[in-house]
Amino acid sequence: MLLQGQTAAISGAASARGIGLATAKLFAAQGARVAILDIDEAAAKQQAAALGPQHLGLRCDVADKASCQAAADRVLAAFGQIDVVVHAAAVAAYGRFAEIPGEVFDQVQKVNVNGTANVARTALRHFDDRRPRPDGHLVLFGSLVGKISTPYLSPYVTSKWAVHGLARTLQAERQGDPVHVSLVEPGGVSTTIYDKAASYLGVQGKPPPPVYGAERCASAVVSLIDHPRRERAVGVFNPVIALGFRMFPAVYDRIVAPLVSRLALSDEPVADHRGNLFQAQPEPLPAKDQR
């Protein structure tokens with residue numbers, strides 16, 4: 001197996017239903033040594049221990065350049081190398097643009113945009129310094145909303161357009177380079193980002209159908225490591241939706257708000273809140289266990 005004996009550092013990988021942890025589990029099952037990086041250090045250590053004693057859990061605040069470099073240094077000290085970096089950390093906020101506090105909008109950009117740049121910069125500098133020649137694979141997570149727009153998610157949409165732009169820029173700069181940069185573009189995925197998102201809309205968001213499991217995204221990451229390419233969509237309708245957004249903007253704009261309200265927002269009212277934007281949150285209970 002291609003991942004056997006390799007070392008992977010995966011950001012945002014401590015959430016029990018997250019894409020990062022699903023990727024970590026799949027990498028570990030294929031023989032890779034995994035460093036789980038997350039702003040919640042206790043959760044990162046717990047998830048790494050569950051994978052096995054050869055794996056590592058570390059605190060990493062992706063919005064902080066120094067924290068990213070410190071985490072990379074600790075992974076290198078423990079394993080001697082980093083072959084793959086997967087950046088899965090992200091946050092979201094719901095609401096009409098004018099009603100979302102400025103500091104909330106800015107925090108989403110700080111985590112999703114600056115965080116992606118910080119992780120990418122740290123990873124690429126390490127890959128370029130590898131001997132006897134540069135080598136490595138950086139996998140970034142975009143989104144279907146990095147190619148379209150949707151109401152009530154302006155901070156997240158803005159951030160993912162930026163992530164897509166950065167990824168394509170890096171790919172252009174790395175054309176013909178032994179260091180690979182790939183972008184995964186999920187549609188609706190059943191993760192806790194919706195539960196933990198800030199909301200100023202009176203309701204919480206939920207993944208739009210068709211909804212996939214985080215494991216499908218993890219498989220996409222492994223596929224990209226096996227067969228490097230620029231992009232990999234996870235969602236059968238993603239290309240159709242993106243085409244409609246580009247080719248029929250007036251029609252798209254008329255129907256998208258009703259569809260989002262019906263398919264991507266919950267029915268239960270919630271008070272305005274900041275979610276996990278400014279501090280880590282405990283994992284939400286599965287619906288059957290909530291009291």
# chains A, B, ... in the order shown; residues from 1 in each chain; ligands from 1
>>> residues_around(residues="A:Ala66", least_positions_apart="5", cutoff="12 Å", atoms="only C-alpha atoms", output="count of residues only")
11
>>> residues_around(residues="A:Pro53", least_positions_apart="4", cutoff="10 Å", atoms="only C-alpha atoms", output="list in words")
Arg33, Ala48 and Ala49 of chain A
>>> closest_residue(among="A:Ala70, A:Val256, A:Leu263, A:Leu144", to="A:Phe237", atoms="only C-alpha atoms")
A:Leu144
>>> closest_atom_pairs(of="stretch 113-179 of chain A", to="stretch 192-213 of chain A", cutoff="10 Å", atoms="only C-alpha atoms", output="JSON lines")
{"residue": "A:Tyr152", "atom": "CA", "partner": "A:Leu201", "partner_atom": "CA", "distance": 7.6}
{"residue": "A:Leu153", "atom": "CA", "partner": "A:Gly205", "partner_atom": "CA", "distance": 9.4}
{"residue": "A:Tyr156", "atom": "CA", "partner": "A:Ala197", "partner_atom": "CA", "distance": 10.0}
>>> write_last_selection(atoms="N, CA and C atoms", output="tab-separated table (two decimals), in the first residue's frame")
chain	number	residue	atom	x	y	z
A	152	TYR	N	-27.21	32.99	3.32
A	152	TYR	CA	-27.14	32.71	4.75
A	152	TYR	C	-25.82	32.08	5.20
A	153	LEU	N	-24.85	31.99	4.30
A	153	LEU	CA	-23.55	31.39	4.65
A	153	LEU	C	-22.41	32.25	4.13
A	156	TYR	N	-18.67	31.60	5.27
A	156	TYR	CA	-18.14	30.31	4.81
A	156	TYR	C	-17.92	30.31	3.31
>>> residues_around(residues="A:Pro228", least_positions_apart="6", cutoff="10 Å", atoms="only C-alpha atoms", output="ChimeraX atom specification")
/A:137,139,180-182,221-222
>>> write_last_selection(atoms="all heavy atoms", output="PDB file, in the first residue's frame")
ATOM      1  N   HIS A 137       2.900  15.672  -0.401  1.00  0.00           N
ATOM      2  CA  HIS A 137       1.563  15.900  -0.946  1.00  0.00           C
ATOM      3  C   HIS A 137       0.751  16.707   0.062  1.00  0.00           C
ATOM      4  O   HIS A 137       0.603  16.304   1.219  1.00  0.00           O
ATOM      5  CB  HIS A 137       0.865  14.567  -1.238  1.00  0.00           C
ATOM      6  CG  HIS A 137      -0.234  14.677  -2.245  1.00  0.00           C
ATOM      7  ND1 HIS A 137      -0.432  13.754  -3.245  1.00  0.00           N
ATOM      8  CD2 HIS A 137      -1.208  15.614  -2.423  1.00  0.00           C
ATOM      9  CE1 HIS A 137      -1.473  14.111  -3.978  1.00  0.00           C
ATOM     10  NE2 HIS A 137      -1.966  15.230  -3.485  1.00  0.00           N
ATOM     11  N   VAL A 139      -2.994  18.192   0.755  1.00  0.00           N
ATOM     12  CA  VAL A 139      -4.401  18.069   0.372  1.00  0.00           C
ATOM     13  C   VAL A 139      -5.206  19.100   1.152  1.00  0.00           C
ATOM     14  O   VAL A 139      -5.229  19.075   2.389  1.00  0.00           O
ATOM     15  CB  VAL A 139      -4.949  16.656   0.645  1.00  0.00           C
ATOM     16  CG1 VAL A 139      -6.414  16.558   0.215  1.00  0.00           C
ATOM     17  CG2 VAL A 139      -4.121  15.597  -0.077  1.00  0.00           C
ATOM     18  N   HIS A 180       3.027  17.749  -4.690  1.00  0.00           N
ATOM     19  CA  HIS A 180       1.666  17.796  -5.217  1.00  0.00           C
ATOM     20  C   HIS A 180       0.750  18.608  -4.301  1.00  0.00           C
ATOM     21  O   HIS A 180       0.868  18.544  -3.072  1.00  0.00           O
ATOM     22  CB  HIS A 180       1.101  16.387  -5.372  1.00  0.00           C
ATOM     23  CG  HIS A 180       1.896  15.511  -6.297  1.00  0.00           C
ATOM     24  ND1 HIS A 180       1.930  15.700  -7.647  1.00  0.00           N
ATOM     25  CD2 HIS A 180       2.701  14.445  -6.036  1.00  0.00           C
ATOM     26  CE1 HIS A 180       2.710  14.793  -8.213  1.00  0.00           C
ATOM     27  NE2 HIS A 180       3.200  14.022  -7.249  1.00  0.00           N
ATOM     28  N   VAL A 181      -0.181  19.346  -4.907  1.00  0.00           N
ATOM     29  CA  VAL A 181      -1.224  20.063  -4.178  1.00  0.00           C
ATOM     30  C   VAL A 181      -2.569  19.648  -4.769  1.00  0.00           C
ATOM     31  O   VAL A 181      -2.785  19.784  -5.977  1.00  0.00           O
ATOM     32  CB  VAL A 181      -1.056  21.593  -4.289  1.00  0.00           C
ATOM     33  CG1 VAL A 181      -2.184  22.301  -3.537  1.00  0.00           C
ATOM     34  CG2 VAL A 181       0.306  22.033  -3.758  1.00  0.00           C
ATOM     35  N   SER A 182      -3.456  19.146  -3.920  1.00  0.00           N
ATOM     36  CA  SER A 182      -4.768  18.693  -4.370  1.00  0.00           C
ATOM     37  C   SER A 182      -5.866  19.363  -3.559  1.00  0.00           C
ATOM     38  O   SER A 182      -5.647  19.783  -2.415  1.00  0.00           O
ATOM     39  CB  SER A 182      -4.895  17.170  -4.238  1.00  0.00           C
ATOM     40  OG  SER A 182      -3.942  16.496  -5.045  1.00  0.00           O
ATOM     41  N   VAL A 221      -9.448  11.413  -0.367  1.00  0.00           N
ATOM     42  CA  VAL A 221      -8.086  11.840  -0.037  1.00  0.00           C
ATOM     43  C   VAL A 221      -7.091  10.733  -0.389  1.00  0.00           C
ATOM     44  O   VAL A 221      -6.056  10.983  -1.026  1.00  0.00           O
ATOM     45  CB  VAL A 221      -7.965  12.225   1.446  1.00  0.00           C
ATOM     46  CG1 VAL A 221      -6.509  12.527   1.807  1.00  0.00           C
ATOM     47  CG2 VAL A 221      -8.845  13.431   1.766  1.00  0.00           C
ATOM     48  N   VAL A 222      -7.386   9.519   0.021  1.00  0.00           N
ATOM     49  CA  VAL A 222      -6.487   8.397  -0.282  1.00  0.00           C
ATOM     50  C   VAL A 222      -6.342   8.216  -1.781  1.00  0.00           C
ATOM     51  O   VAL A 222      -5.245   7.958  -2.301  1.00  0.00           O
ATOM     52  CB  VAL A 222      -7.000   7.112   0.387  1.00  0.00           C
ATOM     53  CG1 VAL A 222      -6.192   5.904  -0.080  1.00  0.00           C
ATOM     54  CG2 VAL A 222      -6.918   7.227   1.899  1.00  0.00           C
TER      55      VAL A 222
END
>>> select_by_dssp(residues="stretch 128-202 of chain A", states="strand (DSSP E or B)", output="ChimeraX atom specification")
/A:136-141,153,179-186,188-189,198-199
>>> atom_distance(atom1="atom CA of A:Cys68", atom2="atom CA of A:Gly187")
27.3 Å
>>> closest_residue(among="A:Leu3, A:Leu166, A:Gly188, A:Ala280", to="A:Val236", atoms="only C-alpha atoms")
A:Gly188
>>> closest_residue(among="A:Ala88, A:Ser15, A:Leu37, A:Leu138", to="A:Ala218", atoms="only C-alpha atoms")
A:Ala88
